[in-house]
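J.: What follows is protein-v8.pdb, PDB, C-alpha atoms.
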```
ATOM      1  CA  MET L   1      88.282 122.341 231.299
ATOM      2  CA  ALA L   2      90.071 121.155 228.255
ATOM      3  CA  ALA L   3      87.456 120.220 225.752
ATOM      4  CA  ILE L   4      88.657 119.639 222.260
ATOM      5  CA  VAL L   5      86.075 120.874 219.883
ATOM      6  CA  ARG L   6      86.563 119.237 216.550
ATOM      7  CA  LEU L   7      85.469 122.107 214.426
ATOM      8  CA  GLY L   8      87.349 120.565 211.569
ATOM      9  CA  SER L   9      84.709 117.903 211.191
ATOM     10  CA  VAL L  10      82.010 120.585 211.159
ATOM     11  CA  CYS L  11      83.726 122.368 208.314
ATOM     12  CA  ARG L  12      84.124 119.164 206.352
ATOM     13  CA  ARG L  13      80.511 118.264 206.842
ATOM     14  CA  GLY L  14      79.485 121.715 205.842
ATOM     15  CA  VAL L  15      77.228 124.092 207.735
ATOM     16  CA  LYS L  16      73.754 124.464 206.343
ATOM     17  CA  PRO L  17      73.361 128.078 205.224
ATOM     18  CA  LEU L  18      70.644 130.180 206.809
ATOM     19  CA  PHE L  19      68.822 130.365 203.507
ATOM     20  CA  TYR L  20      67.440 126.932 204.187
ATOM     21  CA  GLN L  21      66.106 128.227 207.523
ATOM     22  CA  SER L  22      67.989 125.750 209.656
ATOM     23  CA  THR L  23      68.374 127.215 213.118
ATOM     24  CA  LEU L  24      70.548 124.516 214.658
ATOM     25  CA  LEU L  25      74.247 123.882 214.342
ATOM     26  CA  ALA L  26      75.560 120.654 215.753
ATOM     27  CA  ARG L  27      79.123 120.757 217.050
ATOM     28  CA  PRO L  28      80.793 117.445 217.934
ATOM     29  CA  LEU L  29      82.728 117.598 221.176
ATOM     30  CA  VAL L  30      85.389 115.160 222.370
ATOM     31  CA  VAL L  31      85.888 115.114 226.151
ATOM     32  CA  PRO L  32      89.406 114.118 227.318
ATOM     33  CA  HIS L  33      90.452 111.259 229.657
ATOM     34  CA  LYS L  34      90.606 113.540 232.721
ATOM     35  CA  TYR L  35      86.883 113.327 233.257
ATOM     36  CA  GLN L  36      86.078 109.771 232.323
ATOM     37  CA  GLU L  37      87.406 106.420 231.161
ATOM     38  CA  GLN L  38      87.222 106.945 227.472
ATOM     39  CA  PRO L  39      86.331 109.929 225.379
ATOM     40  CA  TYR L  40      83.032 109.806 223.608
ATOM     41  CA  GLN L  41      81.233 112.160 221.364
ATOM     42  CA  LEU L  42      78.760 114.627 222.737
ATOM     43  CA  THR L  43      76.679 116.680 220.416
ATOM     44  CA  ALA L  44      75.452 119.965 221.795
ATOM     45  CA  LYS L  45      72.712 121.718 219.926
ATOM     46  CA  ILE L  46      73.534 125.381 219.674
ATOM     47  CA  HIS L  47      70.915 127.729 218.297
ATOM     48  CA  ALA L  48      72.000 130.018 215.526
ATOM     49  CA  SER L  49      68.780 131.983 215.520
ATOM     50  CA  GLN L  50      68.575 135.647 216.451
ATOM     51  CA  ALA L  51      66.732 135.462 219.798
ATOM     52  CA  LEU L  52      68.252 133.520 222.671
ATOM     53  CA  TYR L  53      66.488 130.273 223.430
ATOM     54  CA  ALA L  54      63.897 131.723 225.796
ATOM     55  CA  GLY L  55      61.036 129.732 224.342
ATOM     56  CA  SER L  56      59.435 132.693 222.567
ATOM     57  CA  GLY L  57      60.912 132.134 219.126
ATOM     58  CA  SER L  58      59.239 134.166 216.415
ATOM     59  CA  LYS L  59      60.017 133.513 212.776
ATOM     60  CA  ALA L  60      59.307 137.107 211.803
ATOM     61  CA  ALA L  61      62.907 138.174 211.288
ATOM     62  CA  SER L  62      63.764 135.034 209.371
ATOM     63  CA  LEU L  63      60.726 135.411 207.109
ATOM     64  CA  HIS L  64      61.601 139.059 206.531
ATOM     65  CA  TRP L  65      65.075 138.026 205.433
ATOM     66  CA  THR L  66      63.676 135.521 202.961
ATOM     67  CA  ALA L  67      61.153 138.023 201.655
ATOM     68  CA  GLU L  68      63.964 140.520 201.024
ATOM     69  CA  ARG L  69      65.814 137.962 198.884
ATOM     70  CA  VAL L  70      62.659 136.955 196.986
ATOM     71  CA  LEU L  71      61.926 140.601 196.234
ATOM     72  CA  SER L  72      65.492 141.146 195.026
ATOM     73  CA  ILE L  73      65.172 138.257 192.582
ATOM     74  CA  LEU L  74      61.786 139.583 191.436
ATOM     75  CA  LEU L  75      63.303 142.990 190.827
ATOM     76  CA  LEU L  76      66.137 141.407 188.842
ATOM     77  CA  ALA L  77      63.600 139.692 186.594
ATOM     78  CA  MET L  78      61.723 142.951 186.072
ATOM     79  CA  GLY L  79      64.714 144.513 184.341
ATOM     80  CA  PRO L  80      64.578 142.492 181.123
ATOM     81  CA  ALA L  81      60.776 142.336 181.388
ATOM     82  CA  ALA L  82      60.629 146.135 181.340
ATOM     83  CA  TYR L  83      63.039 146.276 178.429
ATOM     84  CA  PHE L  84      61.318 143.757 176.197
ATOM     85  CA  ASN L  85      57.711 144.438 177.192
ATOM     86  CA  PRO L  86      57.118 147.956 178.521
ATOM     87  CA  CYS L  87      53.527 148.377 179.694
ATOM     88  CA  PRO L  88      51.525 149.930 182.584
ATOM     89  CA  ALA L  89      51.526 146.623 184.486
ATOM     90  CA  ILE L  90      55.329 146.614 184.484
ATOM     91  CA  ASP L  91      55.344 150.309 185.396
ATOM     92  CA  TYR L  92      53.283 149.792 188.530
ATOM     93  CA  SER L  93      55.072 146.551 189.463
ATOM     94  CA  LEU L  94      58.383 148.345 189.102
ATOM     95  CA  ALA L  95      57.130 151.205 191.266
ATOM     96  CA  ALA L  96      56.070 148.796 193.993
ATOM     97  CA  ALA L  97      59.164 146.581 193.828
ATOM     98  CA  LEU L  98      61.626 149.474 193.722
ATOM     99  CA  THR L  99      59.963 151.279 196.613
ATOM    100  CA  LEU L 100      59.757 148.173 198.794
ATOM    101  CA  HIS L 101      63.309 147.070 197.993
ATOM    102  CA  GLY L 102      64.561 150.552 198.874
ATOM    103  CA  HIS L 103      62.411 150.688 201.994
ATOM    104  CA  TRP L 104      63.732 147.404 203.331
ATOM    105  CA  GLY L 105      67.284 148.272 202.317
ATOM    106  CA  ILE L 106      67.316 151.628 204.088
ATOM    107  CA  GLY L 107      65.629 149.866 207.010
ATOM    108  CA  GLN L 108      68.683 147.605 207.324
ATOM    109  CA  VAL L 109      71.007 150.608 207.152
ATOM    110  CA  LEU L 110      69.060 152.301 209.948
ATOM    111  CA  THR L 111      69.135 149.116 212.022
ATOM    112  CA  ASP L 112      72.905 149.079 211.669
ATOM    113  CA  TYR L 113      73.626 152.672 212.549
ATOM    114  CA  VAL L 114      70.773 154.017 214.695
ATOM    115  CA  HIS L 115      70.710 153.036 218.369
ATOM    116  CA  GLY L 116      68.361 153.878 221.220
ATOM    117  CA  ASP L 117      64.657 153.154 221.351
ATOM    118  CA  THR L 118      63.306 156.634 220.539
ATOM    119  CA  LYS L 119      65.836 157.297 217.798
ATOM    120  CA  ILE L 120      65.020 153.961 216.177
ATOM    121  CA  LYS L 121      61.298 154.712 216.303
ATOM    122  CA  LEU L 122      61.784 158.194 214.818
ATOM    123  CA  ALA L 123      64.067 156.974 212.063
ATOM    124  CA  ASN L 124      61.713 154.171 211.057
ATOM    125  CA  ALA L 125      58.732 156.528 211.097
ATOM    126  CA  GLY L 126      60.626 158.937 208.844
ATOM    127  CA  LEU L 127      61.552 156.097 206.514
ATOM    128  CA  PHE L 128      57.952 154.927 206.355
ATOM    129  CA  LEU L 129      56.850 158.429 205.422
ATOM    130  CA  LEU L 130      59.544 158.697 202.749
ATOM    131  CA  SER L 131      58.645 155.335 201.226
ATOM    132  CA  THR L 132      54.946 156.198 201.190
ATOM    133  CA  VAL L 133      55.621 159.488 199.420
ATOM    134  CA  THR L 134      57.974 157.730 196.989
ATOM    135  CA  PHE L 135      55.394 155.102 196.081
ATOM    136  CA  ALA L 136      52.687 157.751 195.759
ATOM    137  CA  GLY L 137      54.899 159.862 193.541
ATOM    138  CA  LEU L 138      55.819 156.952 191.300
ATOM    139  CA  CYS L 139      52.181 155.884 190.930
ATOM    140  CA  TYR L 140      51.218 159.474 190.189
ATOM    141  CA  PHE L 141      53.951 159.556 187.547
ATOM    142  CA  ASN L 142      52.736 156.302 186.047
ATOM    143  CA  TYR L 143      49.150 157.524 185.928
ATOM    144  CA  ASN L 144      49.505 161.148 184.897
ATOM    145  CA  ASP L 145      52.761 161.146 183.005
ATOM    146  CA  VAL L 146      54.622 158.878 180.604
ATOM    147  CA  GLY L 147      55.363 156.048 183.086
ATOM    148  CA  ILE L 148      58.662 154.602 184.320
ATOM    149  CA  CYS L 149      59.579 152.460 181.287
ATOM    150  CA  LYS L 150      58.882 155.233 178.810
ATOM    151  CA  ALA L 151      60.689 157.755 181.007
ATOM    152  CA  ILE L 152      63.903 155.722 180.955
ATOM    153  CA  ALA L 153      63.543 155.152 177.208
ATOM    154  CA  LEU L 154      63.104 158.888 176.594
ATOM    155  CA  LEU L 155      65.999 159.759 178.872
ATOM    156  CA  TRP L 156      68.313 157.397 177.004
ATOM    157  CA  SER L 157      67.232 158.525 173.549
ATOM    158  CA  LYS L 158      68.787 161.937 174.228
TER     159      LYS L 158
ATOM    160  CA  MET H 159      80.870 127.152 221.962
ATOM    161  CA  ALA H 160      80.636 129.713 224.757
ATOM    162  CA  LEU H 161      77.152 128.426 225.524
ATOM    163  CA  LEU H 162      78.585 124.959 225.940
ATOM    164  CA  LEU H 163      81.377 126.114 228.252
ATOM    165  CA  ARG H 164      79.013 128.162 230.414
ATOM    166  CA  THR H 165      76.591 125.267 230.686
ATOM    167  CA  LEU H 166      79.334 122.867 231.699
ATOM    168  CA  ALA H 167      80.844 125.314 234.178
ATOM    169  CA  ARG H 168      77.509 125.833 235.859
ATOM    170  CA  GLN H 169      76.628 122.218 236.483
ATOM    171  CA  GLY H 170      80.163 121.023 237.054
ATOM    172  CA  VAL H 171      81.778 118.561 234.740
ATOM    173  CA  CYS H 172      79.775 115.516 235.794
ATOM    174  CA  LEU H 173      79.913 113.440 232.674
ATOM    175  CA  SER H 174      79.655 110.054 234.309
ATOM    176  CA  ARG H 175      76.308 109.377 232.650
ATOM    177  CA  PRO H 176      77.047 109.125 228.950
ATOM    178  CA  CYS H 177      73.600 108.082 227.806
ATOM    179  CA  VAL H 178      71.814 111.149 229.161
ATOM    180  CA  ALA H 179      74.604 113.595 228.291
ATOM    181  CA  ARG H 180      72.841 114.698 225.136
ATOM    182  CA  SER H 181      69.609 115.515 226.961
ATOM    183  CA  VAL H 182      71.519 117.158 229.849
ATOM    184  CA  PHE H 183      73.103 119.625 227.476
ATOM    185  CA  TYR H 184      69.875 120.212 225.616
ATOM    186  CA  ARG H 185      67.844 120.768 228.775
ATOM    187  CA  HIS H 186      70.242 123.347 230.086
ATOM    188  CA  ALA H 187      70.682 125.179 226.805
ATOM    189  CA  ALA H 188      68.794 128.263 228.059
ATOM    190  CA  PRO H 189      71.288 130.086 230.296
ATOM    191  CA  MET H 190      69.603 133.485 230.401
ATOM    192  CA  GLY H 191      66.136 134.890 230.956
ATOM    193  CA  THR H 192      66.775 138.126 229.081
ATOM    194  CA  THR H 193      66.321 138.595 225.366
ATOM    195  CA  ALA H 194      69.035 139.697 222.984
ATOM    196  CA  LYS H 195      67.271 143.041 222.638
ATOM    197  CA  ASP H 196      67.347 143.633 226.429
ATOM    198  CA  GLU H 197      71.027 142.823 226.561
ATOM    199  CA  MET H 198      71.793 145.109 223.642
ATOM    200  CA  ASN H 199      69.904 147.982 225.253
ATOM    201  CA  LYS H 200      71.648 147.395 228.593
ATOM    202  CA  PHE H 201      74.987 147.433 226.849
ATOM    203  CA  TRP H 202      74.252 150.671 224.993
ATOM    204  CA  ALA H 203      72.896 152.370 228.115
ATOM    205  CA  LYS H 204      76.059 151.474 230.048
ATOM    206  CA  ASN H 205      78.229 152.400 227.097
ATOM    207  CA  SER H 206      76.806 155.892 226.680
ATOM    208  CA  LYS H 207      76.792 156.517 230.415
ATOM    209  CA  LEU H 208      80.479 155.661 230.787
ATOM    210  CA  ASN H 209      81.427 157.804 227.783
ATOM    211  CA  ARG H 210      83.905 155.211 226.672
ATOM    212  CA  PRO H 211      86.302 156.324 223.938
ATOM    213  CA  MET H 212      85.823 154.363 220.719
ATOM    214  CA  SER H 213      88.674 152.308 219.381
ATOM    215  CA  PRO H 214      90.084 153.598 216.091
ATOM    216  CA  HIS H 215      88.683 151.690 213.133
ATOM    217  CA  LEU H 216      88.468 153.357 209.722
ATOM    218  CA  THR H 217      91.669 155.302 210.410
ATOM    219  CA  ILE H 218      93.780 152.268 211.192
ATOM    220  CA  TYR H 219      92.384 149.201 209.420
ATOM    221  CA  LYS H 220      93.958 148.254 206.137
ATOM    222  CA  TRP H 221      91.510 148.841 203.311
ATOM    223  CA  SER H 222      90.721 145.785 201.236
ATOM    224  CA  VAL H 223      88.822 145.256 197.994
ATOM    225  CA  PRO H 224      85.927 143.355 199.626
ATOM    226  CA  MET H 225      85.643 146.093 202.269
ATOM    227  CA  VAL H 226      85.496 148.899 199.720
ATOM    228  CA  MET H 227      83.061 146.981 197.521
ATOM    229  CA  SER H 228      80.792 146.336 200.472
ATOM    230  CA  ILE H 229      80.511 149.961 201.511
ATOM    231  CA  THR H 230      80.155 151.029 197.874
ATOM    232  CA  PHE H 231      77.316 148.548 197.548
ATOM    233  CA  ARG H 232      75.626 150.197 200.515
ATOM    234  CA  GLY H 233      76.440 153.681 199.213
ATOM    235  CA  THR H 234      74.989 152.970 195.763
ATOM    236  CA  GLY H 235      71.916 151.454 197.401
ATOM    237  CA  VAL H 236      71.256 154.474 199.563
ATOM    238  CA  GLY H 237      72.107 156.859 196.727
ATOM    239  CA  LEU H 238      69.853 155.148 194.199
ATOM    240  CA  SER H 239      67.039 154.975 196.737
ATOM    241  CA  GLY H 240      67.442 158.665 197.424
ATOM    242  CA  ALA H 241      67.422 159.430 193.711
ATOM    243  CA  ILE H 242      64.211 157.474 193.205
ATOM    244  CA  SER H 243      62.591 159.268 196.134
ATOM    245  CA  ALA H 244      63.735 162.628 194.783
ATOM    246  CA  PHE H 245      62.298 161.735 191.377
ATOM    247  CA  ALA H 246      58.978 160.705 192.913
ATOM    248  CA  LEU H 247      58.842 163.890 194.981
ATOM    249  CA  ALA H 248      59.604 165.976 191.917
ATOM    250  CA  ALA H 249      56.831 164.190 190.010
ATOM    251  CA  LEU H 250      54.392 165.204 192.740
ATOM    252  CA  VAL H 251      55.589 168.766 193.170
ATOM    253  CA  LEU H 252      56.685 170.061 189.754
ATOM    254  CA  PRO H 253      53.914 171.542 187.591
ATOM    255  CA  GLU H 254      55.014 170.459 184.112
ATOM    256  CA  SER H 255      55.253 166.985 182.577
ATOM    257  CA  TYR H 256      58.356 164.836 182.218
ATOM    258  CA  PRO H 257      58.843 165.390 178.435
ATOM    259  CA  TYR H 258      58.735 169.143 179.076
ATOM    260  CA  TYR H 259      61.642 169.013 181.487
ATOM    261  CA  LEU H 260      63.511 166.626 179.238
ATOM    262  CA  ASP H 261      63.203 169.076 176.337
ATOM    263  CA  LEU H 262      64.392 171.797 178.700
ATOM    264  CA  ILE H 263      67.601 169.844 179.280
ATOM    265  CA  HIS H 264      67.829 169.147 175.536
ATOM    266  CA  SER H 265      67.704 172.822 174.793
ATOM    267  CA  LEU H 266      70.740 173.456 176.974
ATOM    268  CA  SER H 267      72.743 171.940 174.073
ATOM    269  CA  ILE H 268      75.154 169.881 176.135
ATOM    270  CA  GLY H 269      77.769 168.198 173.939
ATOM    271  CA  PRO H 270      77.565 164.481 173.169
ATOM    272  CA  TYR H 271      80.553 163.719 175.369
ATOM    273  CA  LEU H 272      78.948 165.235 178.455
ATOM    274  CA  ILE H 273      75.709 163.408 177.686
ATOM    275  CA  GLY H 274      77.663 160.162 177.354
ATOM    276  CA  LEU H 275      79.423 160.901 180.622
ATOM    277  CA  ALA H 276      76.108 161.575 182.345
ATOM    278  CA  LYS H 277      74.679 158.310 181.033
ATOM    279  CA  PHE H 278      77.759 156.466 182.264
ATOM    280  CA  GLY H 279      77.415 158.197 185.613
ATOM    281  CA  LEU H 280      73.804 157.053 185.889
ATOM    282  CA  ALA H 281      74.424 153.522 184.653
ATOM    283  CA  LEU H 282      77.466 152.778 186.817
ATOM    284  CA  PRO H 283      75.790 152.790 190.252
ATOM    285  CA  VAL H 284      72.822 150.829 188.907
ATOM    286  CA  SER H 285      74.935 148.133 187.266
ATOM    287  CA  PHE H 286      77.370 147.875 190.197
ATOM    288  CA  HIS H 287      74.522 147.526 192.675
ATOM    289  CA  THR H 288      72.810 144.954 190.451
ATOM    290  CA  TYR H 289      75.881 142.770 189.872
ATOM    291  CA  ASN H 290      77.064 142.940 193.464
ATOM    292  CA  GLY H 291      73.485 142.182 194.507
ATOM    293  CA  ILE H 292      73.674 138.956 192.503
ATOM    294  CA  ARG H 293      77.004 138.221 194.256
ATOM    295  CA  HIS H 294      75.240 138.727 197.600
ATOM    296  CA  LEU H 295      72.458 136.350 196.570
ATOM    297  CA  CYS H 296      75.102 133.733 195.728
ATOM    298  CA  TRP H 297      76.520 134.205 199.224
ATOM    299  CA  ASP H 298      73.024 133.727 200.631
ATOM    300  CA  LEU H 299      72.937 130.370 198.873
ATOM    301  CA  GLY H 300      76.181 129.515 200.629
ATOM    302  CA  LYS H 301      78.428 129.800 197.582
ATOM    303  CA  GLY H 302      81.664 131.674 197.110
ATOM    304  CA  PHE H 303      82.815 132.311 200.653
ATOM    305  CA  ARG H 304      86.433 131.276 200.264
ATOM    306  CA  ILE H 305      88.705 134.306 200.164
ATOM    307  CA  PRO H 306      90.091 133.720 196.639
ATOM    308  CA  GLU H 307      86.493 133.315 195.424
ATOM    309  CA  VAL H 308      85.474 136.522 197.161
ATOM    310  CA  TYR H 309      88.217 138.404 195.352
ATOM    311  CA  ARG H 310      87.536 136.707 192.019
ATOM    312  CA  THR H 311      83.806 137.414 192.080
ATOM    313  CA  GLY H 312      84.573 140.905 193.332
ATOM    314  CA  TYR H 313      86.801 141.761 190.384
ATOM    315  CA  THR H 314      84.253 140.179 188.045
ATOM    316  CA  VAL H 315      81.540 142.450 189.421
ATOM    317  CA  ILE H 316      83.728 145.530 189.017
ATOM    318  CA  GLY H 317      84.691 144.584 185.469
ATOM    319  CA  LEU H 318      81.134 143.754 184.420
ATOM    320  CA  SER H 319      79.829 146.984 185.921
ATOM    321  CA  ILE H 320      82.262 149.138 183.974
ATOM    322  CA  ILE H 321      81.691 147.247 180.724
ATOM    323  CA  THR H 322      77.900 147.339 181.072
ATOM    324  CA  SER H 323      77.915 151.049 181.927
ATOM    325  CA  LEU H 324      80.130 151.835 178.950
ATOM    326  CA  ALA H 325      77.869 149.784 176.682
ATOM    327  CA  LEU H 326      74.778 151.544 178.016
ATOM    328  CA  ALA H 327      76.389 154.960 177.656
ATOM    329  CA  TYR H 328      77.083 154.300 173.976
ATOM    330  CA  LEU H 329      73.523 153.218 173.258
TER     331      LEU H 329
END
```
Starting from the file, lay out its structure as structure tokens.

T.:
Amino acid sequence: MAAIVRLGSVCRRGVKPLFYQSTLLARPLVVPHKYQEQPYQLTAKIHASQALYAGSGSKAASLHWTAERVLSILLLAMGPAAYFNPCPAIDYSLAAALTLHGHWGIGQVLTDYVHGDTKIKLANAGLFLLSTVTFAGLCYFNYNDVGICKAIALLWSK
Amino acid sequence: MALLLRTLARQGVCLSRPCVARSVFYRHAAPMGTTAKDEMNKFWAKNSKLNRPMSPHLTIYKWSVPMVMSITFRGTGVGLSGAISAFALAALVLPESYPYYLDLIHSLSIGPYLIGLAKFGLALPVSFHTYNGIRHLCWDLGKGFRIPEVYRTGYTVIGLSIITSLALAYL
């Protein structure tokens, strides 16, 4: 079968990036004379989502992805906020944002490199434990000690 | 593309009905009953059972700036996360307060150059991860994928990281 896929036109039109949560890519297809009188355009809808089209599409992974990006932007904004307005609210927000950002980040690393059902479960359980202890420790530090903003300020004043 | 070819191969190339062609393709767009996860697990089970040798990768591929920056981004991420966890653990376990330990380090009378170096060493991973993170967010918005752009933004991130770290170290 000699189908000529005009990917060029797709590139010109531009593919909607995943950020806008579009799960369909339309590819124009021109079928040659061999199979009919004149070539016409067929458009096949190909899913670009993670799960194969088995009808049970869950948006969990896609929402997780978006949440990761939102959190990253939030964390970016907290930098100058912490610098110009250090306070307990920022301390605790920073503790939460840093821990969650790290938790999700390491989660992606584990997803990339750990394979096999039990190993994945163990690794994620270990990560969950680590993140819980990290958050607890940071909150403890914020409550009983100088707090994150002040700690960085003191460290840098050396 | 492969989906399209498989679909066409299965039902034969009977394209004599142009008006319903769109729905034909759409209706038969579900070639398999297994999920991606099932297929991945099947592949890995077969792979480990056969003890296939792995193709050389890191030892043969030509290193490129985007490649190195990407793994450094991951390395700084994991490293910084580990450092934060270690700090939190220390906060829970160590008996004294933070200013106490800071004064302890003070009293070691490390010269200003070493202190500056330490500050630079702390600031560099943070600033690199931050700037490259912004570069990643731009990619998520669909911007900057062309190869020259990738290199340009890459060098910008490296330059900004070094400059910011130097500036912070001199504070």

J.: Quick check on the file I pasted: which residues fall under the ChimeraX specification (/L :<6) & /H? Write them as a list in words.

T.: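 That selection, the ChimeraX specification (/L :<6) & /H, comes back as Ala188, Ala194, Ser239, Ser243, Ala246, Leu247, Ala249, Leu250 and Gly300 of chain H.
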
J.: For the atom pair CA of Met212 in chain H and CA of Lys195 in chain H, what is the interatomic distance in Å to one decimal place?

T.: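 Computing it gives 21.8 Å between the two atoms.
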
J.: Considering all atoms listed in the file, return as number ranges by chain whatever protein or nucleic-acid residues lie within 7 Å of range 270-284 of chain H, sequence-local ones (same chain, fewer than 4 positions apart) excluded.

T.: H: 234, 288, 319-320, 323-324, 326-328

J.: Can you write out the residues you just picked, keeping C-alpha atoms, as a short mmCIF file (atom, residue, chain, number, x, y, z; two decimals), in the coordinates of the input?

T.:
```cif
data_model
loop_
_atom_site.label_atom_id
_atom_site.label_comp_id
_atom_site.auth_asym_id
_atom_site.auth_seq_id
_atom_site.Cartn_x
_atom_site.Cartn_y
_atom_site.Cartn_z
CA THR H 234 74.99 152.97 195.76
CA THR H 288 72.81 144.95 190.45
CA SER H 319 79.83 146.98 185.92
CA ILE H 320 82.26 149.14 183.97
CA SER H 323 77.92 151.05 181.93
CA LEU H 324 80.13 151.84 178.95
CA LEU H 326 74.78 151.54 178.02
CA ALA H 327 76.39 154.96 177.66
CA TYR H 328 77.08 154.30 173.98
#
```

J.: For Thr230 in chain H, find every residue with an atom within 9 Å (counting all atoms listed in the file), except residues of its own chain fewer than 3 positions away, and show them as an mmCIF file with C-alpha atoms, keeping the file's coordinate frame.

T.:
```cif
data_model
loop_
_atom_site.group_PDB
_atom_site.id
_atom_site.type_symbol
_atom_site.label_atom_id
_atom_site.label_comp_id
_atom_site.auth_asym_id
_atom_site.auth_seq_id
_atom_site.Cartn_x
_atom_site.Cartn_y
_atom_site.Cartn_z
ATOM 1 C CA MET H 225 85.643 146.093 202.269
ATOM 2 C CA VAL H 226 85.496 148.899 199.720
ATOM 3 C CA MET H 227 83.061 146.981 197.521
ATOM 4 C CA GLY H 233 76.440 153.681 199.213
ATOM 5 C CA THR H 234 74.989 152.970 195.763
ATOM 6 C CA GLY H 235 71.916 151.454 197.401
ATOM 7 C CA PRO H 283 75.790 152.790 190.252
ATOM 8 C CA PHE H 286 77.370 147.875 190.197
ATOM 9 C CA HIS H 287 74.522 147.526 192.675
#
```

J.: At what distance in Å, to one decimal, does CA of Gly107 in chain L lie from CA of Trp65 in chain L?

T.: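 Result for CA of Trp65 in chain L versus CA of Gly107 in chain L: 12.0 Å, one decimal.
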